[in-house]
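Everything below belongs to start08.cif, which stores mmCIF, C-alpha atoms.
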```cif
data_model
loop_
_atom_site.label_atom_id
_atom_site.label_comp_id
_atom_site.auth_asym_id
_atom_site.auth_seq_id
_atom_site.Cartn_x
_atom_site.Cartn_y
_atom_site.Cartn_z
CA MET A 5 99.19 107.16 306.42
CA GLN A 6 95.62 108.21 307.17
CA HIS A 7 96.86 110.96 309.47
CA VAL A 8 99.38 112.22 306.91
CA LEU A 9 96.83 112.26 304.08
CA SER A 10 94.29 114.04 306.28
CA PHE A 11 96.90 116.60 307.25
CA LEU A 12 97.78 117.24 303.61
CA ALA A 13 94.12 117.54 302.64
CA GLU A 14 93.41 120.01 305.44
CA GLU A 15 96.53 122.13 305.00
CA PHE A 16 96.91 122.18 301.22
CA ASP A 17 96.82 125.47 299.33
CA GLU A 18 98.83 126.94 296.48
CA ASN A 19 101.25 128.62 298.91
CA LEU A 20 102.04 125.43 300.85
CA GLN A 21 105.77 125.32 301.63
CA SER A 22 107.05 121.84 300.82
CA ASN A 23 109.93 121.80 303.30
CA SER A 24 107.87 122.87 306.31
CA THR A 25 105.13 120.42 305.34
CA GLY A 26 107.63 117.58 304.93
CA THR A 27 109.19 118.43 308.27
CA ARG A 28 105.84 118.23 310.08
CA ILE A 29 105.12 114.87 308.46
CA GLN A 30 108.53 113.45 309.40
CA ARG A 31 108.23 114.72 312.96
CA TYR A 32 104.85 112.99 313.22
CA ILE A 33 106.40 109.72 311.98
CA LYS A 34 109.14 109.98 314.60
CA LYS A 35 106.55 110.65 317.30
CA VAL A 36 104.20 107.75 316.52
CA THR A 37 107.01 105.24 315.95
CA GLY A 38 108.95 106.32 319.01
CA CYS A 39 112.06 106.32 316.83
CA ASP A 40 114.14 109.49 316.69
CA ASP A 41 116.12 108.31 313.66
CA PRO A 42 113.86 106.15 311.43
CA TYR A 43 116.36 106.20 308.53
CA LYS A 44 119.41 105.19 310.58
CA ALA A 45 119.97 101.95 308.65
CA GLU A 46 119.73 103.77 305.32
CA LYS A 47 122.22 106.38 306.49
CA ILE A 48 124.73 103.70 307.47
CA GLU A 49 124.23 102.04 304.09
CA SER A 50 124.67 105.37 302.30
CA ASN A 51 128.09 105.91 303.88
CA ARG A 52 129.05 102.32 303.00
CA ILE A 53 128.08 102.84 299.36
CA ALA A 54 130.02 106.10 299.10
CA LEU A 55 133.13 104.76 300.81
CA ASN A 56 133.04 101.67 298.56
CA VAL A 57 133.30 103.73 295.37
CA LEU A 58 135.62 106.38 296.85
CA PRO A 59 138.87 104.73 295.60
CA LYS A 60 137.57 104.81 292.01
CA VAL A 61 136.51 108.43 292.37
CA LYS A 62 139.97 109.36 293.68
CA GLU A 63 141.53 107.67 290.65
CA ILE A 64 139.39 109.84 288.38
CA LEU A 65 140.50 112.95 290.25
CA LYS A 66 144.15 111.95 289.84
CA ASP A 67 143.69 112.04 286.07
CA ASP A 68 141.63 115.25 286.09
CA ASP A 69 141.91 117.50 289.11
CA SER A 70 140.05 120.45 287.61
CA LEU A 71 137.56 122.34 289.76
CA GLU A 72 134.72 121.25 287.45
CA THR A 73 135.53 117.57 287.97
CA PHE A 74 135.46 118.01 291.75
CA VAL A 75 132.07 119.72 291.40
CA LYS A 76 130.78 116.84 289.26
CA VAL A 77 131.96 114.33 291.88
CA ALA A 78 130.19 116.23 294.66
CA ILE A 79 126.97 116.31 292.65
CA VAL A 80 127.20 112.57 291.90
CA GLY A 81 127.03 111.99 295.64
CA ASN A 82 123.55 113.56 295.58
CA ILE A 83 122.38 110.48 293.65
CA ILE A 84 122.60 108.33 296.79
CA ASP A 85 118.97 108.80 297.79
CA PHE A 86 116.75 105.86 298.76
CA GLY A 87 113.70 108.12 298.73
CA ALA A 88 114.21 108.91 295.06
CA TYR A 89 115.49 105.57 293.77
CA GLY A 90 114.35 102.91 296.24
CA LEU A 91 116.28 100.27 298.14
CA ASP A 92 117.31 98.07 295.20
CA ALA A 93 119.10 100.57 292.97
CA ASP A 94 122.46 99.57 291.49
CA TRP A 95 124.31 102.42 293.14
CA GLU A 96 127.75 101.66 291.74
CA ASP A 97 126.42 101.70 288.15
CA MET A 98 124.40 104.86 288.83
CA ILE A 99 127.45 106.63 290.27
CA ASN A 100 129.64 105.48 287.38
CA ASP A 101 127.07 106.76 284.89
CA GLY A 102 126.72 110.00 286.83
CA LEU A 103 130.46 110.67 286.69
CA LYS A 104 130.23 110.69 282.88
CA LYS A 105 127.49 113.32 282.78
CA GLU A 106 128.10 116.89 281.73
CA LEU A 107 126.56 119.68 283.79
CA VAL A 108 123.33 120.82 282.14
CA ILE A 109 123.60 124.15 283.95
CA ASN A 110 127.27 124.94 284.35
CA ASP A 111 128.20 128.18 286.12
CA ILE A 112 131.75 126.99 286.81
CA ASP A 113 133.38 130.29 285.81
CA ALA A 114 131.22 132.27 288.24
CA PHE A 115 131.91 129.62 290.90
CA GLU A 116 135.66 129.93 290.46
CA ASP A 117 135.37 133.72 290.49
CA ALA A 118 133.66 133.45 293.88
CA LEU A 119 136.41 131.18 295.19
CA ASN A 120 138.97 133.79 294.18
CA LYS A 121 136.88 136.64 295.61
CA TYR A 122 135.89 135.41 299.08
CA ASP A 123 137.82 134.22 302.13
CA ASP A 124 134.97 132.18 303.61
CA VAL A 125 132.07 130.04 302.39
CA LEU A 126 129.06 128.48 304.10
CA TYR A 127 128.50 124.97 302.73
CA LEU A 128 125.03 123.46 303.30
CA VAL A 129 125.40 119.70 303.12
CA ASP A 130 122.54 117.34 302.31
CA ASN A 131 122.55 113.56 302.64
CA THR A 132 124.65 111.05 304.49
CA GLY A 133 126.85 109.20 302.00
CA GLU A 134 126.90 112.25 299.78
CA ILE A 135 129.09 114.03 302.33
CA VAL A 136 131.93 111.61 301.51
CA PHE A 137 132.15 113.33 298.11
CA ASP A 138 131.50 116.78 299.58
CA LYS A 139 134.70 116.34 301.56
CA LEU A 140 136.68 116.03 298.32
CA LEU A 141 135.20 119.27 296.94
CA ILE A 142 135.81 121.05 300.24
CA GLU A 143 139.47 120.07 300.09
CA LYS A 144 139.63 121.52 296.56
CA ILE A 145 137.91 124.71 297.73
CA LYS A 146 140.47 125.11 300.50
CA SER A 147 143.26 125.05 297.89
CA TYR A 148 141.90 128.46 296.83
CA GLY A 149 142.58 129.77 300.33
CA VAL A 150 138.89 129.74 301.28
CA ASN A 151 137.81 128.77 304.80
CA VAL A 152 134.81 126.41 304.81
CA THR A 153 132.02 126.18 307.38
CA VAL A 154 129.71 123.19 306.96
CA ALA A 155 126.11 123.30 308.21
CA VAL A 156 124.50 120.02 309.34
CA LYS A 157 121.12 119.21 310.89
CA GLU A 158 120.74 119.45 314.65
CA LYS A 159 118.69 116.23 314.86
CA PRO A 160 117.92 113.36 312.47
CA ILE A 161 115.50 114.00 309.62
CA LEU A 162 115.22 111.61 306.66
CA ASN A 163 118.76 110.64 305.59
CA ASP A 164 120.24 114.11 306.11
CA ALA A 165 123.68 114.44 307.65
CA CYS A 166 123.93 115.37 311.33
CA MET A 167 127.04 116.02 313.40
CA GLU A 168 127.53 112.29 314.05
CA GLU A 169 127.70 111.41 310.35
CA ALA A 170 129.86 114.44 309.54
CA LEU A 171 132.41 113.36 312.12
CA GLU A 172 132.32 109.76 310.87
CA VAL A 173 133.61 110.80 307.44
CA GLY A 174 136.03 113.40 308.81
CA LEU A 175 134.41 116.63 307.68
CA ASP A 176 135.82 118.21 310.82
CA GLU A 177 139.30 117.60 309.36
CA VAL A 178 138.63 120.01 306.49
CA ALA A 179 135.99 122.44 307.76
CA ASP A 180 134.34 123.99 310.78
CA ILE A 181 130.95 122.40 311.48
CA ILE A 182 127.88 124.21 312.75
CA SER A 183 124.26 123.19 313.21
CA THR A 184 121.14 124.61 311.59
CA GLY A 185 119.59 124.31 315.03
CA THR A 186 116.69 122.17 313.87
CA ASP A 187 115.62 118.94 312.16
CA SER A 188 113.85 120.57 309.21
CA VAL A 189 113.72 119.04 305.75
CA GLY A 190 116.21 121.20 303.87
CA ILE A 191 116.35 124.80 305.05
CA VAL A 192 113.18 126.35 306.48
CA GLU A 193 113.72 129.97 307.44
CA SER A 194 111.05 129.87 310.15
CA MET A 195 112.46 126.68 311.72
CA VAL A 196 116.24 127.16 311.82
CA SER A 197 117.78 128.70 314.93
CA ASP A 198 118.22 132.46 315.20
CA GLU A 199 121.98 131.91 315.44
CA PHE A 200 122.11 129.93 312.20
CA LEU A 201 119.79 132.30 310.34
CA GLU A 202 121.99 135.25 311.32
CA TYR A 203 125.09 133.34 310.18
CA PHE A 204 123.43 132.44 306.88
CA LYS A 205 122.30 135.99 306.14
CA LYS A 206 125.75 137.37 306.94
CA SER A 207 127.46 134.85 304.63
CA PRO A 208 128.18 136.52 301.28
CA PHE A 209 129.17 133.20 299.66
CA VAL A 210 126.98 130.09 300.08
CA ILE A 211 127.14 126.62 298.51
CA SER A 212 123.92 124.61 298.77
CA LYS A 213 123.77 120.87 298.10
CA GLY A 214 120.68 118.89 297.18
CA MET A 215 117.00 119.41 296.45
CA GLY A 216 115.79 120.01 300.00
CA ASN A 217 118.16 122.93 300.51
CA TYR A 218 117.30 124.19 297.01
CA GLU A 219 113.61 124.23 297.87
CA GLY A 220 114.33 126.15 301.05
CA ILE A 221 116.77 128.81 299.90
CA THR A 222 114.75 129.65 296.78
CA GLU A 223 112.03 130.79 299.22
CA MET A 224 114.47 133.20 300.91
CA ASP A 225 115.72 136.69 300.15
CA LEU A 226 119.26 136.18 298.83
CA ASP A 227 119.91 139.78 297.85
CA GLY A 228 123.60 140.63 298.17
CA GLN A 229 124.72 137.00 298.44
CA ASP A 230 126.49 134.78 295.91
CA VAL A 231 124.61 131.48 296.24
CA PHE A 232 125.43 128.37 294.21
CA VAL A 233 123.31 125.21 294.12
CA LEU A 234 124.83 121.82 293.29
CA LEU A 235 122.38 118.97 292.80
CA ALA A 236 121.04 116.08 290.79
CA VAL A 237 117.49 116.84 289.65
CA LYS A 238 115.46 113.88 290.90
CA CYS A 239 111.82 114.95 290.70
CA PRO A 240 109.42 116.77 288.33
CA ALA A 241 108.89 119.69 290.74
CA ILE A 242 112.58 120.65 290.76
CA SER A 243 112.76 119.90 287.04
CA ASN A 244 109.94 122.36 286.33
CA HIS A 245 111.38 125.02 288.63
CA SER A 246 114.94 124.80 287.31
CA GLY A 247 113.94 124.33 283.67
CA VAL A 248 115.98 121.16 283.10
CA ASP A 249 115.08 117.48 282.71
CA VAL A 250 114.88 115.00 285.56
CA GLY A 251 118.28 113.33 285.81
CA SER A 252 120.19 116.53 285.05
CA HIS A 253 123.17 117.59 287.13
CA ILE A 254 123.52 121.31 287.73
CA LEU A 255 125.86 123.91 289.17
CA HIS A 256 123.71 127.03 289.18
CA LYS A 257 124.36 130.51 290.53
CA LEU A 258 121.08 131.73 292.03
CA SER A 259 122.11 135.26 292.86
#
```
Go ahead and express the file in the form of C-alpha cells.
Amino acid sequence: MQHVLSFLAEEFDENLQSNSTGTRIQRYIKKVTGCDDPYKAEKIESNRIALNVLPKVKEILKDDDSLETFVKVAIVGNIIDFGAYGLDADWEDMINDGLKKELVINDIDAFEDALNKYDDVLYLVDNTGEIVFDKLLIEKIKSYGVNVTVAVKEKPILNDACMEEALEVGLDEVADIISTGTDSVGIVESMVSDEFLEYFKKSPFVISKGMGNYEGITEMDLDGQDVFVLLAVKCPAISNHSGVDVGSHILHKLS
C-alpha cells in the first residue's frame, strides 16, 4: 500500500490516464505477491453467480425476446463486480433489480441500425461472470447475420475475462475470440498489441462492455467508427463523464 500510494503521489497530474495507472498498480501487486492471477477465486465465483441466475434470465427472454431486452440482460451482467460492491453483496437480488431497470441512455434504434448495416462487429468483453450474459446478446446479434469477434485479455488482470474464462462459458461457440495482447485494465492504446490495435482501428462497428473499456476508448480517436458502450455506471467518475447517476444502465452510441 505504501508503494502504491507513493507511486500515485509521484505520478499524479491532471492528465493521468486511469487505465494505464491502474494497470501499473495491478502489475506491481502481481509481482510482489508472486501470484499471476490474484482474483482467480473471485472470477470462479463470478461465473458461478451468473450461471446460477441464467435459467431465470432465459425465462425472461422467452417472454420478451426483443433486442432491447437482450441488451438489458448483457448490461445486468456488468453488475457482478466485487471491486464495486464488495464480497457480501446479494447478487441475485441485485441482478433481479437490475433486470427491471430502464436504460437511462437508450440508443437502441441506432444500435439496431448498425446491426442491419454491418456484417461484422468487434465485441470488447469485460468481466468474468458478465460474459455469461454477453453470450446471450451475441447470439441475438448473430440472428441479424452479423459475425462477432470477441476480444479478451491476454493475461489475468483484476476479474477481466481471459481466453480460459471465455472458453469455459462457450463464447467460442458463438464468436471468434482474439486477444488484446496485454493485461491492461480496460483498453490502453499504448499497451495493446500492434495486431489488436490495427484490428480495432479497422473495425467500423464496435461494442464495448464495462467501465474499464469505456475509460480506454473515450481516450481514443474513434472517427469513422460506430462505437456503442453498454455498462452499469458504478462510480462517480463515470457518472460525471457520462452525465447520468451512479446505478444507471446505459446503451450509448459514442460516435
*Nearest to A:Gly214 among A:Leu55, A:Met167, A:Val152, A:Ala78, with distances taken over all atoms listed in the file: which residue is it?*
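Closest to A:Gly214 of all the choices is A:Ala78.
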Around the point (122.9, 134.1, 302.5), in the coordinates given by the file, pick out the residues reaching within 10 Å, counting all atoms listed in the file, and return them as a short mmCIF file (atom, residue, chain, number, x, y, z; two decimals) with C-alpha atoms, keeping the file's coordinate frame.
```cif
data_model
loop_
_atom_site.label_atom_id
_atom_site.label_comp_id
_atom_site.auth_asym_id
_atom_site.auth_seq_id
_atom_site.Cartn_x
_atom_site.Cartn_y
_atom_site.Cartn_z
CA LEU A 126 129.06 128.48 304.10
CA LEU A 201 119.79 132.30 310.34
CA GLU A 202 121.99 135.25 311.32
CA TYR A 203 125.09 133.34 310.18
CA PHE A 204 123.43 132.44 306.88
CA LYS A 205 122.30 135.99 306.14
CA LYS A 206 125.75 137.37 306.94
CA SER A 207 127.46 134.85 304.63
CA PRO A 208 128.18 136.52 301.28
CA PHE A 209 129.17 133.20 299.66
CA VAL A 210 126.98 130.09 300.08
CA ILE A 211 127.14 126.62 298.51
CA ILE A 221 116.77 128.81 299.90
CA MET A 224 114.47 133.20 300.91
CA ASP A 225 115.72 136.69 300.15
CA LEU A 226 119.26 136.18 298.83
CA ASP A 227 119.91 139.78 297.85
CA GLY A 228 123.60 140.63 298.17
CA GLN A 229 124.72 137.00 298.44
CA ASP A 230 126.49 134.78 295.91
CA VAL A 231 124.61 131.48 296.24
CA SER A 259 122.11 135.26 292.86
#
```
*asked:* If I take atom CA of A:Asp124 and atom CA of A:Glu223, how far is one from the other in Å, to one decimal?
replied: 23.4 Å
*Using all atoms listed in the file, find the one residue out of A:Asn244, A:Gln21, A:Ser212, A:Asn51 that sits nearest to A:Ile79.*
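Using all atoms listed in the file, the shortest distance to A:Ile79 belongs to A:Ser212.
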*Enter the distance from atom CA of A:Ala93 to atom CA of A:Pro240, in Å, rounded to one decimal.*
19.4 Å
*Pick out the closest residue to A:Ile242 from this set: A:Ser10, A:Ser22, A:Thr186, A:Asn131. Count only C-alpha atoms.*
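Looking only at the distances to A:Ile242, the closest residue turns out to be A:Ser22.
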*Return the single residue from A:Lys139, A:His7, A:Arg52, A:His253 that is closest to A:Asp101, with distances computed using only C-alpha atoms.*
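The shortest atom-to-atom distance to A:Asp101 comes from A:His253.
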*Check what the PyMOL selection byres ((chain A and resi 115) around 10) selects in the file above and give those residues as a list in words.*
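Evaluating the PyMOL selection byres ((chain A and resi 115) around 10) on these coordinates yields Leu71, Glu72, Val75, Asn110, Asp111, Ile112, Asp113, Ala114, Glu116, Asp117, Ala118, Leu119, Asn120, Lys121, Phe209, Ile211, Asp230, Val231, Phe232, Leu255, His256 and Lys257 of chain A.
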_Exercise: A:Phe137 partners within 7 Å, only C-alpha atoms, chain neighbours under 2 positions left out, as number ranges by chain_ = A: 77-78, 81, 134-135, 139-141
Can you write out the residues you just picked, keeping C-alpha atoms, as a PDB file, in the coordinates of the input?
```pdb
ATOM      1  CA  VAL A  77     131.960 114.330 291.880  1.00  0.00           C
ATOM      2  CA  ALA A  78     130.190 116.230 294.660  1.00  0.00           C
ATOM      3  CA  GLY A  81     127.030 111.990 295.640  1.00  0.00           C
ATOM      4  CA  GLU A 134     126.900 112.250 299.780  1.00  0.00           C
ATOM      5  CA  ILE A 135     129.090 114.030 302.330  1.00  0.00           C
ATOM      6  CA  LYS A 139     134.700 116.340 301.560  1.00  0.00           C
ATOM      7  CA  LEU A 140     136.680 116.030 298.320  1.00  0.00           C
ATOM      8  CA  LEU A 141     135.200 119.270 296.940  1.00  0.00           C
TER       9      LEU A 141
END
```
*Determine, counting all atoms listed in the file, which protein, DNA and RNA residues have an atom within 12 Å of an atom of A:Lys44; residues of the same chain fewer than 2 positions away are not included. Present the result as a list in words.*
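So, after excluding close chain neighbours, the residues are Cys39, Asp40, Asp41, Pro42, Glu46, Lys47, Ile48, Glu49, Ser50, Asn51, Asn131, Thr132, Lys159, Pro160, Ile161, Leu162, Asn163, Asp164, Ala165, Cys166, Glu168 and Glu169 of chain A.
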*Which residue out of A:Lys146, A:Lys76, A:Lys66, A:Lys238 has the minimum interatomic distance to A:Val250 when all atoms listed in the file are used?*
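Smallest distance to A:Val250 is found for A:Lys238.
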Taking the block just given, write stretch 41-60 of chain A to a file that holds N, CA and C atoms, as a PDB file, in the first residue's frame.
```pdb
ATOM      1  N   ASP A  41      -2.500 -14.370 -10.963  1.00  0.00           N
ATOM      2  CA  ASP A  41      -3.956 -14.206 -11.082  1.00  0.00           C
ATOM      3  C   ASP A  41      -4.556 -14.022  -9.685  1.00  0.00           C
ATOM      4  N   PRO A  42      -4.336 -12.858  -9.071  1.00  0.00           N
ATOM      5  CA  PRO A  42      -4.759 -12.644  -7.678  1.00  0.00           C
ATOM      6  C   PRO A  42      -6.269 -12.736  -7.467  1.00  0.00           C
ATOM      7  N   TYR A  43      -7.054 -12.546  -8.536  1.00  0.00           N
ATOM      8  CA  TYR A  43      -8.514 -12.535  -8.407  1.00  0.00           C
ATOM      9  C   TYR A  43      -9.139 -13.827  -8.934  1.00  0.00           C
ATOM     10  N   LYS A  44      -8.354 -14.894  -8.980  1.00  0.00           N
ATOM     11  CA  LYS A  44      -8.835 -16.160  -9.529  1.00  0.00           C
ATOM     12  C   LYS A  44     -10.083 -16.656  -8.809  1.00  0.00           C
ATOM     13  N   ALA A  45     -10.067 -16.619  -7.485  1.00  0.00           N
ATOM     14  CA  ALA A  45     -11.225 -17.113  -6.722  1.00  0.00           C
ATOM     15  C   ALA A  45     -12.466 -16.292  -7.025  1.00  0.00           C
ATOM     16  N   GLU A  46     -12.297 -14.966  -7.142  1.00  0.00           N
ATOM     17  CA  GLU A  46     -13.433 -14.099  -7.437  1.00  0.00           C
ATOM     18  C   GLU A  46     -13.969 -14.356  -8.843  1.00  0.00           C
ATOM     19  N   LYS A  47     -13.088 -14.682  -9.769  1.00  0.00           N
ATOM     20  CA  LYS A  47     -13.533 -14.967 -11.134  1.00  0.00           C
ATOM     21  C   LYS A  47     -14.350 -16.263 -11.180  1.00  0.00           C
ATOM     22  N   ILE A  48     -13.902 -17.264 -10.445  1.00  0.00           N
ATOM     23  CA  ILE A  48     -14.659 -18.513 -10.373  1.00  0.00           C
ATOM     24  C   ILE A  48     -16.033 -18.269  -9.758  1.00  0.00           C
ATOM     25  N   GLU A  49     -16.064 -17.466  -8.700  1.00  0.00           N
ATOM     26  CA  GLU A  49     -17.326 -17.146  -8.045  1.00  0.00           C
ATOM     27  C   GLU A  49     -18.234 -16.336  -8.967  1.00  0.00           C
ATOM     28  N   SER A  50     -17.665 -15.449  -9.759  1.00  0.00           N
ATOM     29  CA  SER A  50     -18.465 -14.647 -10.689  1.00  0.00           C
ATOM     30  C   SER A  50     -19.177 -15.527 -11.706  1.00  0.00           C
ATOM     31  N   ASN A  51     -18.471 -16.508 -12.260  1.00  0.00           N
ATOM     32  CA  ASN A  51     -19.116 -17.423 -13.203  1.00  0.00           C
ATOM     33  C   ASN A  51     -20.205 -18.234 -12.512  1.00  0.00           C
ATOM     34  N   ARG A  52     -19.951 -18.630 -11.266  1.00  0.00           N
ATOM     35  CA  ARG A  52     -20.960 -19.411 -10.522  1.00  0.00           C
ATOM     36  C   ARG A  52     -22.229 -18.585 -10.321  1.00  0.00           C
ATOM     37  N   ILE A  53     -22.057 -17.326  -9.935  1.00  0.00           N
ATOM     38  CA  ILE A  53     -23.207 -16.439  -9.720  1.00  0.00           C
ATOM     39  C   ILE A  53     -24.016 -16.292 -11.009  1.00  0.00           C
ATOM     40  N   ALA A  54     -23.318 -16.025 -12.105  1.00  0.00           N
ATOM     41  CA  ALA A  54     -24.005 -15.809 -13.377  1.00  0.00           C
ATOM     42  C   ALA A  54     -24.737 -17.065 -13.843  1.00  0.00           C
ATOM     43  N   LEU A  55     -24.071 -18.202 -13.754  1.00  0.00           N
ATOM     44  CA  LEU A  55     -24.691 -19.453 -14.197  1.00  0.00           C
ATOM     45  C   LEU A  55     -25.877 -19.832 -13.308  1.00  0.00           C
ATOM     46  N   ASN A  56     -25.837 -19.421 -12.039  1.00  0.00           N
ATOM     47  CA  ASN A  56     -26.925 -19.727 -11.113  1.00  0.00           C
ATOM     48  C   ASN A  56     -28.216 -19.000 -11.475  1.00  0.00           C
ATOM     49  N   VAL A  57     -28.088 -17.760 -11.962  1.00  0.00           N
ATOM     50  CA  VAL A  57     -29.283 -16.986 -12.317  1.00  0.00           C
ATOM     51  C   VAL A  57     -29.634 -17.103 -13.803  1.00  0.00           C
ATOM     52  N   LEU A  58     -28.803 -17.789 -14.577  1.00  0.00           N
ATOM     53  CA  LEU A  58     -29.026 -17.900 -16.014  1.00  0.00           C
ATOM     54  C   LEU A  58     -30.396 -18.493 -16.369  1.00  0.00           C
ATOM     55  N   PRO A  59     -30.863 -19.562 -15.699  1.00  0.00           N
ATOM     56  CA  PRO A  59     -32.187 -20.099 -16.046  1.00  0.00           C
ATOM     57  C   PRO A  59     -33.302 -19.053 -15.924  1.00  0.00           C
ATOM     58  N   LYS A  60     -33.241 -18.224 -14.879  1.00  0.00           N
ATOM     59  CA  LYS A  60     -34.267 -17.185 -14.715  1.00  0.00           C
ATOM     60  C   LYS A  60     -34.174 -16.162 -15.834  1.00  0.00           C
TER      61      LYS A  60
END
```
